Each structure stands twice: as structure tokens, then as C-alpha cells.
$ cat run.pdb   # PDB, C-alpha atoms, pLDDT in the B column
ATOM      1  CA  ASN A   1      66.605  60.933  44.768  1.00 81.00           C
ATOM      2  CA  ALA A   2      69.636  62.590  46.356  1.00 87.00           C
ATOM      3  CA  GLY A   3      67.393  64.378  48.882  1.00 95.00           C
ATOM      4  CA  VAL A   4      68.980  67.532  50.301  1.00 98.00           C
ATOM      5  CA  THR A   5      72.576  68.189  49.323  1.00 98.00           C
ATOM      6  CA  GLN A   6      74.954  70.787  50.743  1.00 98.00           C
ATOM      7  CA  THR A   7      78.362  72.005  49.670  1.00 98.00           C
ATOM      8  CA  PRO A   8      81.001  72.390  50.883  1.00 98.00           C
ATOM      9  CA  LYS A   9      81.208  69.907  53.778  1.00 97.00           C
ATOM     10  CA  PHE A  10      83.937  71.893  55.520  1.00 97.00           C
ATOM     11  CA  GLN A  11      85.110  75.482  55.146  1.00 97.00           C
ATOM     12  CA  VAL A  12      87.610  77.718  56.913  1.00 98.00           C
ATOM     13  CA  LEU A  13      87.297  81.480  56.440  1.00 98.00           C
ATOM     14  CA  LYS A  14      89.188  84.449  57.713  1.00 98.00           C
ATOM     15  CA  THR A  15      87.306  87.230  59.452  1.00 98.00           C
ATOM     16  CA  GLY A  16      85.804  89.577  56.884  1.00 98.00           C
ATOM     17  CA  GLN A  17      85.687  87.105  54.018  1.00 98.00           C
ATOM     18  CA  SER A  18      82.416  86.305  52.296  1.00 97.00           C
ATOM     19  CA  MET A  19      81.167  83.020  50.950  1.00 97.00           C
ATOM     20  CA  THR A  20      78.080  81.143  49.849  1.00 98.00           C
ATOM     21  CA  LEU A  21      76.892  77.854  51.286  1.00 98.00           C
ATOM     22  CA  GLN A  22      75.040  75.864  48.673  1.00 98.00           C
ATOM     23  CA  CYS A  23      71.874  73.866  49.268  1.00 98.00           C
ATOM     24  CA  ALA A  24      69.802  71.932  46.755  1.00 98.00           C
ATOM     25  CA  GLN A  25      66.907  69.495  46.979  1.00 98.00           C
ATOM     26  CA  ASP A  26      65.364  67.260  44.333  1.00 96.00           C
ATOM     27  CA  MET A  27      62.096  66.449  46.122  1.00 96.00           C
ATOM     28  CA  ASN A  28      60.161  69.425  44.728  1.00 95.00           C
ATOM     29  CA  HIS A  29      59.621  70.764  48.255  1.00 96.00           C
ATOM     30  CA  GLU A  30      58.284  74.309  48.487  1.00 96.00           C
ATOM     31  CA  TYR A  31      59.592  74.975  51.990  1.00 96.00           C
ATOM     32  CA  MET A  32      63.301  75.353  52.688  1.00 97.00           C
ATOM     33  CA  SER A  33      65.210  76.587  55.721  1.00 97.00           C
ATOM     34  CA  TRP A  34      68.674  77.262  57.012  1.00 98.00           C
ATOM     35  CA  TYR A  35      69.608  76.397  60.587  1.00 98.00           C
ATOM     36  CA  ARG A  36      72.793  76.765  62.549  1.00 98.00           C
ATOM     37  CA  GLN A  37      73.775  74.332  65.276  1.00 97.00           C
ATOM     38  CA  ASP A  38      75.932  75.365  68.179  1.00 95.00           C
ATOM     39  CA  PRO A  39      76.814  73.213  71.216  1.00 87.00           C
ATOM     40  CA  GLY A  40      74.081  73.236  73.837  1.00 82.00           C
ATOM     41  CA  MET A  41      71.791  75.474  71.773  1.00 84.00           C
ATOM     42  CA  GLY A  42      69.925  73.117  69.513  1.00 89.00           C
ATOM     43  CA  LEU A  43      69.180  74.292  65.987  1.00 95.00           C
ATOM     44  CA  ARG A  44      68.305  77.915  65.397  1.00 96.00           C
ATOM     45  CA  LEU A  45      66.493  79.156  62.311  1.00 96.00           C
ATOM     46  CA  ILE A  46      68.446  81.676  60.215  1.00 97.00           C
ATOM     47  CA  HIS A  47      66.278  82.229  57.125  1.00 97.00           C
ATOM     48  CA  TYR A  48      63.509  80.375  55.421  1.00 96.00           C
ATOM     49  CA  SER A  49      61.562  80.274  52.163  1.00 96.00           C
ATOM     50  CA  VAL A  50      58.005  79.202  51.442  1.00 95.00           C
ATOM     51  CA  GLY A  51      58.520  79.059  47.697  1.00 95.00           C
ATOM     52  CA  ALA A  52      60.573  80.378  44.815  1.00 95.00           C
ATOM     53  CA  GLY A  53      61.015  84.132  45.119  1.00 95.00           C
ATOM     54  CA  ILE A  54      59.817  84.282  48.750  1.00 95.00           C
ATOM     55  CA  THR A  55      62.195  84.426  51.713  1.00 96.00           C
ATOM     56  CA  ASP A  56      61.985  85.673  55.274  1.00 95.00           C
ATOM     57  CA  GLN A  57      64.080  85.998  58.403  1.00 95.00           C
ATOM     58  CA  GLY A  58      64.218  83.473  61.167  1.00 94.00           C
ATOM     59  CA  GLU A  59      65.508  83.761  64.709  1.00 92.00           C
ATOM     60  CA  VAL A  60      69.155  84.650  63.962  1.00 96.00           C
ATOM     61  CA  PRO A  61      69.340  86.332  60.516  1.00 97.00           C
ATOM     62  CA  ASN A  62      72.007  88.973  61.105  1.00 97.00           C
ATOM     63  CA  GLY A  63      75.088  88.578  58.904  1.00 96.00           C
ATOM     64  CA  TYR A  64      73.359  86.254  56.440  1.00 98.00           C
ATOM     65  CA  ASN A  65      71.485  86.676  53.158  1.00 97.00           C
ATOM     66  CA  VAL A  66      69.419  84.221  51.160  1.00 98.00           C
ATOM     67  CA  SER A  67      67.649  84.081  47.835  1.00 96.00           C
ATOM     68  CA  ARG A  68      65.370  81.513  46.217  1.00 97.00           C
ATOM     69  CA  SER A  69      65.328  81.839  42.453  1.00 97.00           C
ATOM     70  CA  THR A  70      64.307  78.201  41.867  1.00 97.00           C
ATOM     71  CA  THR A  71      62.393  75.587  43.834  1.00 97.00           C
ATOM     72  CA  GLU A  72      65.517  73.418  44.030  1.00 97.00           C
ATOM     73  CA  ASP A  73      68.186  75.829  45.284  1.00 98.00           C
ATOM     74  CA  PHE A  74      68.454  77.896  48.460  1.00 98.00           C
ATOM     75  CA  PRO A  75      71.953  79.359  48.942  1.00 98.00           C
ATOM     76  CA  LEU A  76      73.053  81.051  52.156  1.00 98.00           C
ATOM     77  CA  ARG A  77      75.486  83.947  51.869  1.00 98.00           C
ATOM     78  CA  LEU A  78      77.771  85.124  54.626  1.00 97.00           C
ATOM     79  CA  LEU A  79      78.432  88.771  53.922  1.00 92.00           C
ATOM     80  CA  SER A  80      81.476  89.420  56.121  1.00 97.00           C
ATOM     81  CA  ALA A  81      82.408  86.398  58.197  1.00 97.00           C
ATOM     82  CA  ALA A  82      82.906  86.777  61.943  1.00 97.00           C
ATOM     83  CA  PRO A  83      84.208  84.259  64.510  1.00 97.00           C
ATOM     84  CA  SER A  84      80.688  84.179  66.013  1.00 97.00           C
ATOM     85  CA  GLN A  85      79.530  82.524  62.785  1.00 98.00           C
ATOM     86  CA  THR A  86      81.682  79.464  63.461  1.00 98.00           C
ATOM     87  CA  SER A  87      79.042  76.738  63.516  1.00 98.00           C
ATOM     88  CA  VAL A  88      77.537  73.794  61.709  1.00 98.00           C
ATOM     89  CA  TYR A  89      74.980  74.882  59.121  1.00 98.00           C
ATOM     90  CA  PHE A  90      72.100  72.673  58.056  1.00 98.00           C
ATOM     91  CA  CYS A  91      69.764  73.222  55.173  1.00 98.00           C
ATOM     92  CA  ALA A  92      66.351  71.596  55.412  1.00 98.00           C
ATOM     93  CA  SER A  93      63.335  71.168  53.179  1.00 97.00           C
ATOM     94  CA  SER A  94      59.745  70.153  53.753  1.00 96.00           C
ATOM     95  CA  TYR A  95      56.742  69.342  51.596  1.00 94.00           C
ATOM     96  CA  ALA A  96      54.187  70.135  54.308  1.00 89.00           C
ATOM     97  CA  GLY A  97      55.443  73.385  55.819  1.00 88.00           C
ATOM     98  CA  LEU A  98      58.023  74.897  58.110  1.00 88.00           C
ATOM     99  CA  ALA A  99      56.315  73.428  61.192  1.00 89.00           C
ATOM    100  CA  TYR A 100      56.229  69.886  59.857  1.00 90.00           C
ATOM    101  CA  GLU A 101      58.650  67.086  59.048  1.00 95.00           C
ATOM    102  CA  GLN A 102      61.991  68.518  57.951  1.00 97.00           C
ATOM    103  CA  TYR A 103      64.477  66.739  55.697  1.00 97.00           C
ATOM    104  CA  PHE A 104      67.987  67.870  56.572  1.00 98.00           C
ATOM    105  CA  GLY A 105      71.082  68.001  54.425  1.00 98.00           C
ATOM    106  CA  PRO A 106      74.425  66.627  55.641  1.00 98.00           C
ATOM    107  CA  GLY A 107      75.603  70.014  56.910  1.00 98.00           C
ATOM    108  CA  THR A 108      78.514  72.387  56.389  1.00 98.00           C
ATOM    109  CA  ARG A 109      81.034  72.800  59.191  1.00 97.00           C
ATOM    110  CA  LEU A 110      82.306  76.389  59.067  1.00 98.00           C
ATOM    111  CA  THR A 111      85.215  77.795  61.025  1.00 97.00           C
ATOM    112  CA  VAL A 112      85.946  81.527  61.002  1.00 98.00           C
ATOM    113  CA  THR A 113      89.381  82.535  62.298  1.00 97.00           C
TER     114      THR A 113
ATOM    115  CA  GLY B   1      60.562  84.032  71.171  1.00 63.00           C
ATOM    116  CA  GLN B   2      59.320  80.554  71.867  1.00 68.00           C
ATOM    117  CA  GLN B   3      61.247  78.722  74.596  1.00 84.00           C
ATOM    118  CA  VAL B   4      61.543  74.967  74.550  1.00 92.00           C
ATOM    119  CA  MET B   5      63.461  73.371  77.396  1.00 95.00           C
ATOM    120  CA  GLN B   6      64.838  69.884  76.969  1.00 97.00           C
ATOM    121  CA  ILE B   7      66.341  67.830  79.773  1.00 97.00           C
ATOM    122  CA  PRO B   8      68.678  66.277  80.539  1.00 97.00           C
ATOM    123  CA  GLN B   9      71.478  67.728  78.436  1.00 96.00           C
ATOM    124  CA  TYR B  10      73.543  64.548  78.761  1.00 97.00           C
ATOM    125  CA  GLN B  11      72.681  60.963  79.655  1.00 98.00           C
ATOM    126  CA  HIS B  12      75.121  58.092  80.030  1.00 98.00           C
ATOM    127  CA  VAL B  13      73.615  54.620  80.300  1.00 98.00           C
ATOM    128  CA  GLN B  14      74.773  51.046  80.259  1.00 98.00           C
ATOM    129  CA  GLU B  15      73.529  49.017  77.338  1.00 98.00           C
ATOM    130  CA  GLY B  16      70.196  47.500  78.288  1.00 98.00           C
ATOM    131  CA  GLU B  17      69.143  50.346  80.568  1.00 98.00           C
ATOM    132  CA  ASP B  18      66.217  52.597  79.750  1.00 98.00           C
ATOM    133  CA  PHE B  19      66.505  56.251  78.714  1.00 98.00           C
ATOM    134  CA  THR B  20      64.068  59.166  78.791  1.00 98.00           C
ATOM    135  CA  THR B  21      64.359  62.735  77.549  1.00 98.00           C
ATOM    136  CA  TYR B  22      61.794  65.440  78.293  1.00 98.00           C
ATOM    137  CA  CYS B  23      60.725  68.532  76.422  1.00 98.00           C
ATOM    138  CA  ASN B  24      58.753  71.389  78.025  1.00 97.00           C
ATOM    139  CA  SER B  25      57.141  74.524  76.659  1.00 94.00           C
ATOM    140  CA  SER B  26      55.487  77.398  78.496  1.00 89.00           C
ATOM    141  CA  THR B  27      52.887  77.723  75.737  1.00 91.00           C
ATOM    142  CA  THR B  28      50.434  75.320  74.149  1.00 93.00           C
ATOM    143  CA  LEU B  29      51.854  73.630  71.084  1.00 93.00           C
ATOM    144  CA  SER B  30      50.184  72.632  67.839  1.00 93.00           C
ATOM    145  CA  ASN B  31      52.541  69.736  67.304  1.00 94.00           C
ATOM    146  CA  ILE B  32      55.847  68.391  68.517  1.00 96.00           C
ATOM    147  CA  GLN B  33      58.412  66.414  66.581  1.00 97.00           C
ATOM    148  CA  TRP B  34      61.398  64.330  67.580  1.00 98.00           C
ATOM    149  CA  TYR B  35      64.651  64.034  65.658  1.00 98.00           C
ATOM    150  CA  LYS B  36      67.758  61.910  66.104  1.00 98.00           C
ATOM    151  CA  GLN B  37      71.230  63.047  65.123  1.00 98.00           C
ATOM    152  CA  ARG B  38      74.011  60.470  65.058  1.00 97.00           C
ATOM    153  CA  PRO B  39      77.516  61.742  65.909  1.00 95.00           C
ATOM    154  CA  GLY B  40      78.835  63.698  62.930  1.00 94.00           C
ATOM    155  CA  GLY B  41      75.515  63.367  61.134  1.00 97.00           C
ATOM    156  CA  HIS B  42      72.418  65.401  60.471  1.00 98.00           C
ATOM    157  CA  PRO B  43      69.055  65.410  62.269  1.00 98.00           C
ATOM    158  CA  VAL B  44      66.665  62.733  61.054  1.00 98.00           C
ATOM    159  CA  PHE B  45      62.939  62.927  61.662  1.00 98.00           C
ATOM    160  CA  LEU B  46      61.550  60.257  63.979  1.00 98.00           C
ATOM    161  CA  ILE B  47      57.934  61.169  64.648  1.00 97.00           C
ATOM    162  CA  GLN B  48      55.330  63.901  64.980  1.00 97.00           C
ATOM    163  CA  LEU B  49      52.720  64.148  67.748  1.00 97.00           C
ATOM    164  CA  VAL B  50      49.629  66.269  67.272  1.00 96.00           C
ATOM    165  CA  LYS B  51      46.866  65.186  69.662  1.00 96.00           C
ATOM    166  CA  SER B  52      46.582  65.862  73.370  1.00 97.00           C
ATOM    167  CA  GLY B  53      47.726  62.804  75.351  1.00 97.00           C
ATOM    168  CA  GLU B  54      48.938  61.044  72.217  1.00 97.00           C
ATOM    169  CA  VAL B  55      51.248  58.053  72.632  1.00 98.00           C
ATOM    170  CA  LYS B  56      53.106  56.524  69.713  1.00 98.00           C
ATOM    171  CA  LYS B  57      55.549  53.634  69.623  1.00 98.00           C
ATOM    172  CA  GLN B  58      58.315  52.706  67.246  1.00 97.00           C
ATOM    173  CA  LYS B  59      59.831  49.386  68.327  1.00 97.00           C
ATOM    174  CA  ARG B  60      61.720  50.269  71.570  1.00 98.00           C
ATOM    175  CA  LEU B  61      60.886  53.997  71.350  1.00 98.00           C
ATOM    176  CA  THR B  62      57.785  55.451  73.009  1.00 98.00           C
ATOM    177  CA  PHE B  63      56.739  59.050  72.397  1.00 98.00           C
ATOM    178  CA  GLN B  64      54.176  60.931  74.476  1.00 98.00           C
ATOM    179  CA  PHE B  65      52.473  64.304  74.116  1.00 98.00           C
ATOM    180  CA  GLY B  66      51.129  65.822  77.311  1.00 97.00           C
ATOM    181  CA  GLU B  67      47.443  66.348  77.976  1.00 96.00           C
ATOM    182  CA  ALA B  68      47.921  70.123  77.942  1.00 96.00           C
ATOM    183  CA  LYS B  69      50.081  69.916  74.795  1.00 96.00           C
ATOM    184  CA  LYS B  70      52.910  71.700  76.594  1.00 96.00           C
ATOM    185  CA  ASN B  71      55.303  68.821  77.139  1.00 97.00           C
ATOM    186  CA  SER B  72      56.515  65.652  75.527  1.00 98.00           C
ATOM    187  CA  SER B  73      58.821  62.753  76.266  1.00 98.00           C
ATOM    188  CA  LEU B  74      60.811  60.150  74.384  1.00 98.00           C
ATOM    189  CA  HIS B  75      61.508  56.879  76.174  1.00 98.00           C
ATOM    190  CA  ILE B  76      63.855  54.189  74.890  1.00 98.00           C
ATOM    191  CA  THR B  77      63.538  50.738  76.439  1.00 98.00           C
ATOM    192  CA  ALA B  78      66.638  48.544  76.754  1.00 98.00           C
ATOM    193  CA  THR B  79      69.091  50.851  74.997  1.00 98.00           C
ATOM    194  CA  GLN B  80      71.497  49.531  72.407  1.00 98.00           C
ATOM    195  CA  THR B  81      74.772  50.989  71.156  1.00 97.00           C
ATOM    196  CA  THR B  82      72.958  51.960  67.952  1.00 97.00           C
ATOM    197  CA  ASP B  83      70.840  54.397  70.004  1.00 98.00           C
ATOM    198  CA  VAL B  84      73.860  56.659  70.567  1.00 98.00           C
ATOM    199  CA  GLY B  85      73.333  60.225  69.382  1.00 98.00           C
ATOM    200  CA  THR B  86      71.558  63.472  70.173  1.00 97.00           C
ATOM    201  CA  TYR B  87      67.792  63.525  70.457  1.00 98.00           C
ATOM    202  CA  PHE B  88      66.011  66.794  69.731  1.00 97.00           C
ATOM    203  CA  CYS B  89      62.442  67.819  70.231  1.00 97.00           C
ATOM    204  CA  ALA B  90      61.085  70.463  67.878  1.00 96.00           C
ATOM    205  CA  ALA B  91      57.949  72.355  68.798  1.00 94.00           C
ATOM    206  CA  ALA B  92      55.448  74.166  66.617  1.00 92.00           C
ATOM    207  CA  GLY B  93      52.903  76.667  67.885  1.00 84.00           C
ATOM    208  CA  GLY B  94      52.836  79.313  70.553  1.00 71.00           C
ATOM    209  CA  THR B  95      54.834  82.421  69.714  1.00 67.00           C
ATOM    210  CA  SER B  96      56.698  80.729  66.861  1.00 64.00           C
ATOM    211  CA  TYR B  97      53.550  80.008  64.919  1.00 68.00           C
ATOM    212  CA  GLY B  98      54.270  78.330  61.618  1.00 80.00           C
ATOM    213  CA  LYS B  99      57.890  77.482  62.430  1.00 89.00           C
ATOM    214  CA  LEU B 100      59.768  74.999  64.564  1.00 93.00           C
ATOM    215  CA  THR B 101      61.658  75.777  67.746  1.00 93.00           C
ATOM    216  CA  PHE B 102      64.197  73.133  68.648  1.00 95.00           C
ATOM    217  CA  GLY B 103      65.110  72.049  72.130  1.00 95.00           C
ATOM    218  CA  GLN B 104      68.772  72.029  73.151  1.00 95.00           C
ATOM    219  CA  GLY B 105      68.993  68.285  72.640  1.00 96.00           C
ATOM    220  CA  THR B 106      69.912  65.355  74.873  1.00 97.00           C
ATOM    221  CA  ILE B 107      73.201  63.638  74.097  1.00 97.00           C
ATOM    222  CA  LEU B 108      72.866  59.916  74.785  1.00 98.00           C
ATOM    223  CA  THR B 109      75.934  57.753  75.338  1.00 98.00           C
ATOM    224  CA  VAL B 110      75.493  54.003  75.644  1.00 98.00           C
ATOM    225  CA  HIS B 111      78.281  51.977  77.255  1.00 96.00           C
ATOM    226  CA  PRO B 112      78.481  48.350  76.049  1.00 92.00           C
TER     227      PRO B 112
END

$ encode --input "run.pdb" --output "C-alpha cells"
Amino acid sequence: NAGVTQTPKFQVLKTGQSMTLQCAQDMNHEYMSWYRQDPGMGLRLIHYSVGAGITDQGEVPNGYNVSRSTTEDFPLRLLSAAPSQTSVYFCASSYAGLAYEQYFGPGTRLTVT
Amino acid sequence: GQQVMQIPQYQHVQEGEDFTTYCNSSTTLSNIQWYKQRPGGHPVFLIQLVKSGEVKKQKRLTFQFGEAKKNSSLHITATQTTDVGTYFCAAAGGTSYGKLTFGQGTILTVHP
């Protein structure tokens, strides 16, 4: 199993550009989440999904969209990138639930100039 | 939302010294988890604590959950250079029912 995979590993955007961060898992986990990690702030939940076709907002959802058309894939879309979205983004999945053991992907380091 | 305070933010130790990081919540938790993130890497699950007063050990790592289920600690005995990284607690319960709230993390540096 590859576990949780994320692409790209690194990305530089200009302010106002849009892009999609890809996330896929091959563990048949129902629960998937997107977190952002900023220095000194831990990981903050952006959006999450409890199954295909079901998504909801986390703690910091503004400026991001998600969809979950399949169990495996959970892309994160930045609608109009802003410098405040410069961060490291982690996708995570879980078989037990959002409040249980999370399997994290390798992350995408995004810089918005 | 849920607040989870983790201290200290940084800890520098000499190899062989012990290390402890603490996690505190103002509300009662249903469970608490600990993750380790190596430099440049992603968080990796270490353990989950569920019961009041629970103590679990993994080799040199000892994890405790407070009696009131509002605090937790991770203690590493005789640190090694392989222990370098950021240690996060992640709390479930309270106002963030059904989701995890991560602490700010403790960055551990081990000097050989």
C-alpha cells in the first residue's frame, strides 16, 4: 500500500492564482481531512469528509474548497491564492473517525508571492 | 473553539538527558493522541490515551493521561539523536467533538 499520497510536493503561486492540491489514499478509509501547518500553530483543520459525497468545514475553511467524489481522492482547491495561504498542507485519512488515529500524507509546501 | 496548550515550545537537551512535553485543555477530553514529526516530514501517530489516569509505555517513551482527562504528558528517558523532531498532542472532545485539535507542538533538539 502507498498509504496517503499528495501532489505536488512543492508549489509557488502568484497572488490570485488558483490551483488544486491532490490527495489520494489506498487504505479504503472513509474519513479524510486537510490540515495546514504554520510555525508555532500546530495543525489546523481546513475541511474534512466522512465519506464519498460528504464534506464539511473545519476550523479555517475560508479560501478553500473540497469535494469527495470517490473514497480514494480528496482534492483541495485554492480559489484565489493569497500570501496568507503560504503554508504546509497535509492530507490525512482515518479508518476509525476524525477523532482517532490519523494517517498523514507527505505534505505540500505552498508559497504564495 | 477548543484550546489545547502545549509546553514548552522548544526544548534543547544533551543526548542522554530526559525530555517531557505537556498538553493541557480547559475541557474534559474523550481521548488524546500523540504524534511525532521528523524535520521535513509528516506527523506520525505514536499513541492514543482514552482512560482517566492511563499510562502507556513504548520503549523509552512514557505517555500519561490526567485523572481529570484534561491534561497529558509525553516523557522520553535518555534521549537519543533519533528522537529529534516535533511532538504534537491532539485532543478529541470538549467543544471540538468528533474532531481533533492539535497542540502547537514541542520542537526537540538533541545535542550529541

$ residues_around --input "run.pdb" --residues "Val60 in chain A" --least-positions-apart "2" --cutoff "7 Å" --atoms "only C-alpha atoms" --output "PyMOL selection string"
chain A and resi 44-46+58+62

$ closest_residue --input "run.pdb" --among "B:Ile32, B:Met5, B:Leu61, B:Leu100" --to "chain A" --atoms "all atoms listed in the file"
B:Leu100

$ closest_atom_pairs --input "run.pdb" --of "chain B" --to "chain A" --cutoff "8 Å" --atoms "all atoms listed in the file" --output "JSON lines"
{"residue": "B:Gln9", "atom": "CA", "partner": "A:Gly40", "partner_atom": "CA", "distance": 7.6}
{"residue": "B:Gln33", "atom": "CA", "partner": "A:Glu101", "partner_atom": "CA", "distance": 7.6}
{"residue": "B:Gly41", "atom": "CA", "partner": "A:Pro106", "partner_atom": "CA", "distance": 6.5}
{"residue": "B:His42", "atom": "CA", "partner": "A:Pro106", "partner_atom": "CA", "distance": 5.4}
{"residue": "B:Pro43", "atom": "CA", "partner": "A:Phe104", "partner_atom": "CA", "distance": 6.3}
{"residue": "B:Val44", "atom": "CA", "partner": "A:Phe104", "partner_atom": "CA", "distance": 6.9}
{"residue": "B:Phe45", "atom": "CA", "partner": "A:Glu101", "partner_atom": "CA", "distance": 6.5}
{"residue": "B:Gln48", "atom": "CA", "partner": "A:Glu101", "partner_atom": "CA", "distance": 7.5}
{"residue": "B:Phe88", "atom": "CA", "partner": "A:Gly42", "partner_atom": "CA", "distance": 7.4}
{"residue": "B:Ala91", "atom": "CA", "partner": "A:Ala99", "partner_atom": "CA", "distance": 7.9}
{"residue": "B:Ala92", "atom": "CA", "partner": "A:Ala99", "partner_atom": "CA", "distance": 5.5}
{"residue": "B:Gly98", "atom": "CA", "partner": "A:Ala99", "partner_atom": "CA", "distance": 5.3}
{"residue": "B:Lys99", "atom": "CA", "partner": "A:Ala99", "partner_atom": "CA", "distance": 4.5}
{"residue": "B:Leu100", "atom": "CA", "partner": "A:Ala99", "partner_atom": "CA", "distance": 5.1}
{"residue": "B:Thr101", "atom": "CA", "partner": "A:Arg44", "partner_atom": "CA", "distance": 7.4}
{"residue": "B:Phe102", "atom": "CA", "partner": "A:Leu43", "partner_atom": "CA", "distance": 5.8}
{"residue": "B:Gly103", "atom": "CA", "partner": "A:Gly42", "partner_atom": "CA", "distance": 5.6}
{"residue": "B:Gln104", "atom": "CA", "partner": "A:Gly42", "partner_atom": "CA", "distance": 4.0}
{"residue": "B:Gly105", "atom": "CA", "partner": "A:Gly42", "partner_atom": "CA", "distance": 5.8}

$ resolve_selection --input "run.pdb" --expression "the PyMOL selection byres ((chain A and resi 68-74) around 12)" --output "ChimeraX atom specification"
/A:2-7,20-34,47-56,65-67,75-77,90-95,105

$ residues_around --input "run.pdb" --residues "Ser26 in chain B" --least-positions-apart "5" --cutoff "10 Å" --atoms "all atoms listed in the file" --output "list in words"
Gln2, Gln3, Val4, Met5, Lys69, Lys70, Asn71 and Gly94 of chain B

$ atom_distance --input "run.pdb" --atom1 "CA of Leu74 in chain B" --atom2 "CA of Tyr10 in chain B"
14.2 Å

$ decode --input "run.pdb" --residues "range 8-27 of chain B" --atoms "N, CA, C and O atoms" --output "short mmCIF file (atom, residue, chain, number, x, y, z; two decimals), in the first residue's frame"
data_model
loop_
_atom_site.label_atom_id
_atom_site.label_comp_id
_atom_site.auth_asym_id
_atom_site.auth_seq_id
_atom_site.Cartn_x
_atom_site.Cartn_y
_atom_site.Cartn_z
N PRO B 8 6.86 22.74 26.64
CA PRO B 8 7.34 24.01 26.11
C PRO B 8 7.26 24.04 24.59
O PRO B 8 6.99 23.02 23.97
N GLN B 9 7.53 25.19 24.00
CA GLN B 9 7.53 25.27 22.54
C GLN B 9 8.82 24.68 21.97
O GLN B 9 8.81 24.08 20.91
N TYR B 10 9.92 24.90 22.71
CA TYR B 10 11.22 24.38 22.29
C TYR B 10 11.88 23.69 23.48
O TYR B 10 11.68 24.11 24.62
N GLN B 11 12.68 22.67 23.20
CA GLN B 11 13.47 22.03 24.23
C GLN B 11 14.77 21.54 23.60
O GLN B 11 14.74 20.79 22.62
N HIS B 12 15.88 22.01 24.18
CA HIS B 12 17.20 21.56 23.74
C HIS B 12 17.78 20.70 24.85
O HIS B 12 17.83 21.14 26.00
N VAL B 13 18.21 19.50 24.53
CA VAL B 13 18.78 18.62 25.53
C VAL B 13 20.08 18.03 25.00
O VAL B 13 20.31 17.98 23.79
N GLN B 14 20.90 17.58 25.95
CA GLN B 14 22.07 16.80 25.59
C GLN B 14 21.63 15.35 25.47
O GLN B 14 20.74 14.88 26.21
N GLU B 15 22.24 14.64 24.55
CA GLU B 15 21.92 13.23 24.40
C GLU B 15 22.08 12.52 25.74
O GLU B 15 23.08 12.72 26.45
N GLY B 16 21.10 11.72 26.09
CA GLY B 16 21.12 11.03 27.37
C GLY B 16 20.25 11.68 28.43
O GLY B 16 19.89 11.04 29.42
N GLU B 17 19.93 12.95 28.24
CA GLU B 17 19.04 13.63 29.19
C GLU B 17 17.58 13.23 28.92
O GLU B 17 17.25 12.76 27.83
N ASP B 18 16.74 13.47 29.91
CA ASP B 18 15.32 13.19 29.74
C ASP B 18 14.61 14.41 29.16
O ASP B 18 15.11 15.54 29.21
N PHE B 19 13.42 14.17 28.63
CA PHE B 19 12.61 15.22 27.99
C PHE B 19 11.14 14.97 28.32
O PHE B 19 10.68 13.83 28.31
N THR B 20 10.42 16.07 28.60
CA THR B 20 8.98 15.96 28.84
C THR B 20 8.26 17.11 28.15
O THR B 20 8.72 18.25 28.21
N THR B 21 7.16 16.81 27.51
CA THR B 21 6.28 17.82 26.94
C THR B 21 4.89 17.63 27.53
O THR B 21 4.47 16.49 27.81
N TYR B 22 4.17 18.74 27.74
CA TYR B 22 2.90 18.72 28.43
C TYR B 22 1.81 19.31 27.54
O TYR B 22 2.04 20.26 26.79
N CYS B 23 0.63 18.79 27.70
CA CYS B 23 -0.51 19.23 26.91
C CYS B 23 -1.67 19.47 27.88
O CYS B 23 -1.97 18.60 28.72
N ASN B 24 -2.31 20.65 27.79
CA ASN B 24 -3.38 21.00 28.72
C ASN B 24 -4.60 21.51 27.98
O ASN B 24 -4.49 22.32 27.04
N SER B 25 -5.77 21.08 28.45
CA SER B 25 -7.04 21.53 27.90
C SER B 25 -7.90 22.08 29.02
O SER B 25 -7.81 21.63 30.16
N SER B 26 -8.74 23.05 28.70
CA SER B 26 -9.65 23.60 29.71
C SER B 26 -10.91 22.75 29.83
O SER B 26 -11.70 22.95 30.76
N THR B 27 -11.12 21.83 28.90
CA THR B 27 -12.31 20.99 28.93
C THR B 27 -11.92 19.52 29.01
O THR B 27 -10.80 19.14 28.67
#
